[in-house]
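Have a look at the structure below, then the notes.
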2 protein chains.
Amino acid sequence: MALSDRKKRILRAIVETYIATAEPVGSKAVAQLAGLDVSTATIRNEMADLTELGYLEQPHTSAGRIPSAAGYRLYVNELMDRQQLTIQETQRINDALNLKMEELDRVIDRAGKVLSQLSDYPVFTMAAAKERITVKRFDLLMVEDNAFIAVVMTDSSVVKNKLIHIPNGLSDPQLQMLSAVLNSSFVGLSREEMEEALDKLETRTAPGAFELISLVVGFATEVLAEQGQQKFRTAGITHLLEHPEYRSLDKAKPLMAYLSEESDEPHLPATLDTGKNMNILIGPENVNDALKDTSVVMASYDIGDNMRGVIGVVGPTRMDYAKVTARLSYFADSLTRMFGKELPAPEEPEE
Amino acid sequence: MALSDRKKRILRAIVETYIATAEPVGSKAVAQLAGLDVSTATIRNEMADLTELGYLEQPHTSAGRIPSAAGYRLYVNELMDRQQLTIQETQRINDALNLKMEELDRVIDRAGKVLSQLSDYPVFTMAAAKERITVKRFDLLMVEDNAFIAVVMTDSSVVKNKLIHIPNGLSDPQLQMLSAVLNSSFVGLSREEMEEALDKLETRTAPGAFELISLVVGFATEVLAEQGQQKFRTAGITHLLEHPEYRSLDKAKPLMAYLSEESDEPHLPATLDTGKNMNILIGPENVNDALKDTSVVMASYDIGDNMRGVIGVVGPTRMDYAKVTARLSYFADSLTRMFGKELPAPEEPEE
DNA sequence: CTTTAGCACTCAGGGAATATGAGTGCTAAA
DNA sequence: TTTAGCACTCATATTCCCTGAGTGCTAAAG
């Protein structure tokens, strides 16, 4: 039940010209473009077949054809050429990512921005710890008399700190003691485990000391929570407005609101834990209502050993899949490569 | 050359109904709304005068009038009522801000988001150190054998850290020494001064040690740079699309791109250092081209002693100034108050 | 001098009618 | 199986006309 070669060429020509023009494609245009030496009538017959098979749709009787979701799917799976990036583009990407290593978030943000510029579609990014993360060590640094800095390092080598004020001051030995308790009782525990451990400790500890411990542990659980959370960010949402399917604001507004974090939480079906690297969701394949007429192309990458990120492109079903997938996979590879090399060692002193 | 009372009432009625309806206001509507017991003909005469004086404009001969920039200006300066917030609104604002104190950036982000929801316009925020900031102290914490954590605290009590890898390891005394050099030679210096000091030090120090020092100092300068930088963020840009003046995408796109950080650097004329608290820029008063048909209402607030922030609302010239200024000033006051109380003491252990 | 009624005039926006043309399906011949 | 030919469909653009809100001006009234 495979399609004839000719049908495939016709389908491909239709998908590609529709992607380029956003207008229904007629038999005449296909005849010229598909490079087949047959008449438009023949093409029409084939197109009728393809419509019957569900790969094409007709907006109305007297218009050309546009690809259906199934048509795009077939195109993406079998027909599409693997596009090459130009040297300028790879250069651009490398420049953007290989800046002197900054904070994770910023690198990801920048990646999103550049990908959006290169693809002309909005881009979203997420990152989260893959599995259970724990605190690897605590450090406390006295500052003046009435405050100390709590430094928390996770087992994925993320380090966070917080300034904690203490009205009554704290002696050096007290600080040592505090640090000892933290490092002996709370290292290696997940967030929930830390909270349990804290409860147990309460009865066995002097109230004053417990107060301080719970402040630091509270901060540590926040850090773990934040690391485990999937931070959703977007770049280039205004690119949406460049595509005719969003010319009407009724279409554009909900999607833009959805992307710009204004609709609350329930975000993209970004399957962080999928094994596959590249994932294409075409229109109705999206579960989420706001994305029904939208395609999402996303790729995941590793951030060191313990985290994983997703970077994805959002656009109309009529998306330039060939262009997007090429750029996207290059990005995902680059990110994996650079985080593999650089994390958990954020900066190598070059010499 | 002051306007008669009646003219003022007419102007005010026109501004307010135009703000509400977005459509040119005719003499009949004014007669009903202004509460003056005069005929439409009289109103027409007055409106003709106001047009002549430059406070009103006529889109075309047979339409009603709309306020000119000067008209808005007069309205904002003299005619506008000071609006009260409802209890629900102040409650909402307090809830949003008085969460347990998180990082500065997040509080500001949340403030922007809530203000945007309450005002139905996009909101931008910025924050930066007011004056010269310096490092107050350095701490170094050895982690395993091949890395240490550098902790930098600025004089505005911001603490940042970074994990630094060292291929060759480091002995405890070496670390002590490093720390001593940093704390004796680089505390109290501005970014530029640190770089100078680093240059001078180079000749007098062993290459290996200098390498490490320059890594830590490099990080410190980054921290100072980041603090001094004005971080521009926006929330709720999609609110733009709700206003008829941005129904045409040609209008909406550039402004949205401008706001969503896609057009590079040269951002809002946000005068961080202005003495005034509230600042209203109406349409052509904006220097920037992208904002020519746009009004900006902004307020500044203090973040502790050493930083200052701006929060502002962006919208069409036909903006609901009364509503916006009321909410905005409440926000600015709340922010100043909360940062005054909570910073530089980010969290008081309650007891 | 100010206000008002009356009136002719303007002009954007909406709706119906019409024209255009790209594209189709079908039939019959090659 | 392919192709030429033809009648048919229908979205879109164009034109034209109508409607009505709003204006400015004039002349009378207060």
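Residue names in the structure tokens use chain letters A, B, ... in the order shown, residue numbers from 1 in each chain, and ligand numbers from 1 in the order shown.
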Interface rows for chain C against chain B: nearest pair, Å to one decimal, 12 Å, only C-alpha atoms (C1' of nucleotides), as JSON lines:
```
{"residue": "C:DT2", "atom": "C1'", "partner": "B:Thr42", "partner_atom": "CA", "distance": 9.1}
{"residue": "C:DT3", "atom": "C1'", "partner": "B:Thr42", "partner_atom": "CA", "distance": 6.6}
{"residue": "C:DT4", "atom": "C1'", "partner": "B:Ser39", "partner_atom": "CA", "distance": 6.8}
{"residue": "C:DA5", "atom": "C1'", "partner": "B:Ala41", "partner_atom": "CA", "distance": 8.7}
{"residue": "C:DG6", "atom": "C1'", "partner": "B:Ala41", "partner_atom": "CA", "distance": 10.7}
{"residue": "C:DC9", "atom": "C1'", "partner": "B:Ser62", "partner_atom": "CA", "distance": 9.3}
{"residue": "C:DT10", "atom": "C1'", "partner": "B:Ser62", "partner_atom": "CA", "distance": 5.6}
{"residue": "C:DC11", "atom": "C1'", "partner": "B:Ser62", "partner_atom": "CA", "distance": 6.0}
{"residue": "C:DA12", "atom": "C1'", "partner": "B:Ala63", "partner_atom": "CA", "distance": 8.5}
```
Keeping only N, CA and C atoms (P, O5', C5', C4', C3', O3' and C1' of nucleotides), write the selected residues to a file as a compact mmCIF listing (two decimals), in the first residue's frame.
```txt
# COMPACT_ATOMS: atom_id res chain seq x y z
P DT C 2 -18.99 86.26 24.00
O5' DT C 2 -20.32 85.42 24.28
C5' DT C 2 -21.01 85.63 25.51
C4' DT C 2 -22.20 84.70 25.56
C3' DT C 2 -21.90 83.26 25.16
O3' DT C 2 -22.56 82.41 26.08
C1' DT C 2 -23.65 84.11 23.83
P DT C 3 -22.34 80.84 26.04
O5' DT C 3 -23.71 80.34 25.40
C5' DT C 3 -24.91 80.63 26.08
C4' DT C 3 -26.07 80.34 25.16
C3' DT C 3 -26.13 78.89 24.65
O3' DT C 3 -27.34 78.30 25.09
C1' DT C 3 -26.51 80.44 22.91
P DT C 4 -27.56 76.75 24.93
O5' DT C 4 -28.45 76.72 23.63
C5' DT C 4 -29.65 77.47 23.61
C4' DT C 4 -30.21 77.50 22.21
C3' DT C 4 -30.30 76.12 21.53
O3' DT C 4 -31.64 75.89 21.16
C1' DT C 4 -29.39 77.74 20.07
P DA C 5 -32.16 74.42 21.08
O5' DA C 5 -32.81 74.45 19.64
C5' DA C 5 -33.74 75.48 19.34
C4' DA C 5 -33.75 75.71 17.84
C3' DA C 5 -33.93 74.44 17.00
O3' DA C 5 -35.01 74.66 16.09
C1' DA C 5 -32.07 75.69 16.23
P DG C 6 -35.49 73.51 15.13
O5' DG C 6 -34.70 73.88 13.80
C5' DG C 6 -34.67 75.24 13.37
C4' DG C 6 -33.92 75.34 12.06
C3' DG C 6 -34.06 74.08 11.19
O3' DG C 6 -34.27 74.49 9.85
C1' DG C 6 -31.78 74.54 11.57
P DC C 9 -25.42 71.76 -0.01
O5' DC C 9 -24.18 71.12 0.76
C5' DC C 9 -23.38 71.96 1.61
C4' DC C 9 -22.32 71.12 2.27
C3' DC C 9 -21.80 69.97 1.39
O3' DC C 9 -20.39 70.02 1.38
C1' DC C 9 -22.45 69.16 3.52
P DT C 10 -19.60 68.98 0.45
O5' DT C 10 -18.99 68.04 1.59
C5' DT C 10 -18.34 68.65 2.70
C4' DT C 10 -17.78 67.56 3.58
C3' DT C 10 -17.09 66.44 2.82
O3' DT C 10 -15.87 66.20 3.46
C1' DT C 10 -18.75 65.55 4.26
P DC C 11 -14.70 65.44 2.76
O5' DC C 11 -14.82 64.01 3.43
C5' DC C 11 -14.99 63.93 4.84
C4' DC C 11 -15.38 62.51 5.20
C3' DC C 11 -14.80 61.46 4.27
O3' DC C 11 -14.37 60.39 5.05
C1' DC C 11 -17.10 61.16 4.47
P DA C 12 -13.10 59.58 4.61
O5' DA C 12 -13.21 58.36 5.64
C5' DA C 12 -13.41 58.66 7.03
C4' DA C 12 -14.18 57.56 7.69
C3' DA C 12 -13.71 56.16 7.35
O3' DA C 12 -13.78 55.37 8.52
C1' DA C 12 -15.97 56.44 6.65
```
Requested in this report: List the neighbours of B:Val324 out to 9 Å using only C-alpha atoms (C1' of nucleotides); skip same-chain residues closer than 2 positions along the sequence, and give me the result as a PyMOL selection string.
Outcome: chain B and resi 118-119+121+297+313+319-322+326-329
Atoms to include: C-alpha atoms. Write the selected residues as a short mmCIF file (atom, residue, chain, number, x, y, z; two decimals), in the first residue's frame.
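The resulting file, selection_6.cif, is reproduced below:
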```cif
data_model
loop_
_atom_site.label_atom_id
_atom_site.label_comp_id
_atom_site.auth_asym_id
_atom_site.auth_seq_id
_atom_site.Cartn_x
_atom_site.Cartn_y
_atom_site.Cartn_z
CA LEU B 118 -4.03 44.79 36.88
CA SER B 119 -3.51 47.44 34.27
CA TYR B 121 -0.95 46.88 29.51
CA VAL B 297 4.14 55.78 32.43
CA VAL B 313 3.63 50.67 31.77
CA MET B 319 -4.00 54.98 27.69
CA ASP B 320 -6.08 54.93 30.81
CA TYR B 321 -3.75 57.26 32.64
CA ALA B 322 -5.85 57.54 35.76
CA ALA B 326 -2.88 54.88 40.55
CA ARG B 327 -1.73 51.29 40.30
CA LEU B 328 1.76 52.18 39.34
CA SER B 329 2.37 54.51 42.22
#
```
I need the helix (DSSP H, G or I) residues of stretch 54-294 of chain A per DSSP on the backbone, written as a PyMOL selection string. chain A and resi 69-79+87-97+104-119+172-185+191-204+207-228+237-242+244-246+249-259+283-285+289-291
May I have the residues of chain B within 9 Å of chain A, counting only C-alpha atoms, written as a count of residues only?
45
Per residue of chain D within 8 Å of chain B, what are the shortest atom pair and its distance in Å to one decimal, counting only C-alpha atoms (C1' of nucleotides), with rows by chain and residue number, as a tab-separated table?
```
residue	atom	partner	partner_atom	distance
D:DA21	C1'	B:Ala63	CA	7.4
D:DG22	C1'	B:Ser62	CA	5.1
D:DT23	C1'	B:Ser62	CA	5.4
```
Would you save the residues from that selection as a PDB file, in the first residue's frame, using C-alpha atoms (C1' of nucleotides)?
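Generated file (part_6.pdb):
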```pdb
ATOM      1  C1'  DA D  21     -22.884  60.318  12.622  1.00  0.00           C
ATOM      2  C1'  DG D  22     -20.841  64.451  12.834  1.00  0.00           C
ATOM      3  C1'  DT D  23     -19.495  68.934  11.242  1.00  0.00           C
TER       4       DT D  23
END
```
Test item: residues at most 12 Å from D:DC6, only C-alpha atoms (C1' of nucleotides), excluding those fewer than 4 positions along its chain, as an MDAnalysis selection string:
chainID C and resid 24:28
- Task: Would you return as a count of residues only the members of stretch 102-245 of chain A that DSSP assigns to strand (DSSP E) on this structure's backbone?
- Result: 34
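Take atom CA of B:Asn183 and atom CA of B:Lys136: the distance between them is 8.4 Å.
Going from atom CA of B:Ser185 to atom CA of B:Val217 covers 10.4 Å.
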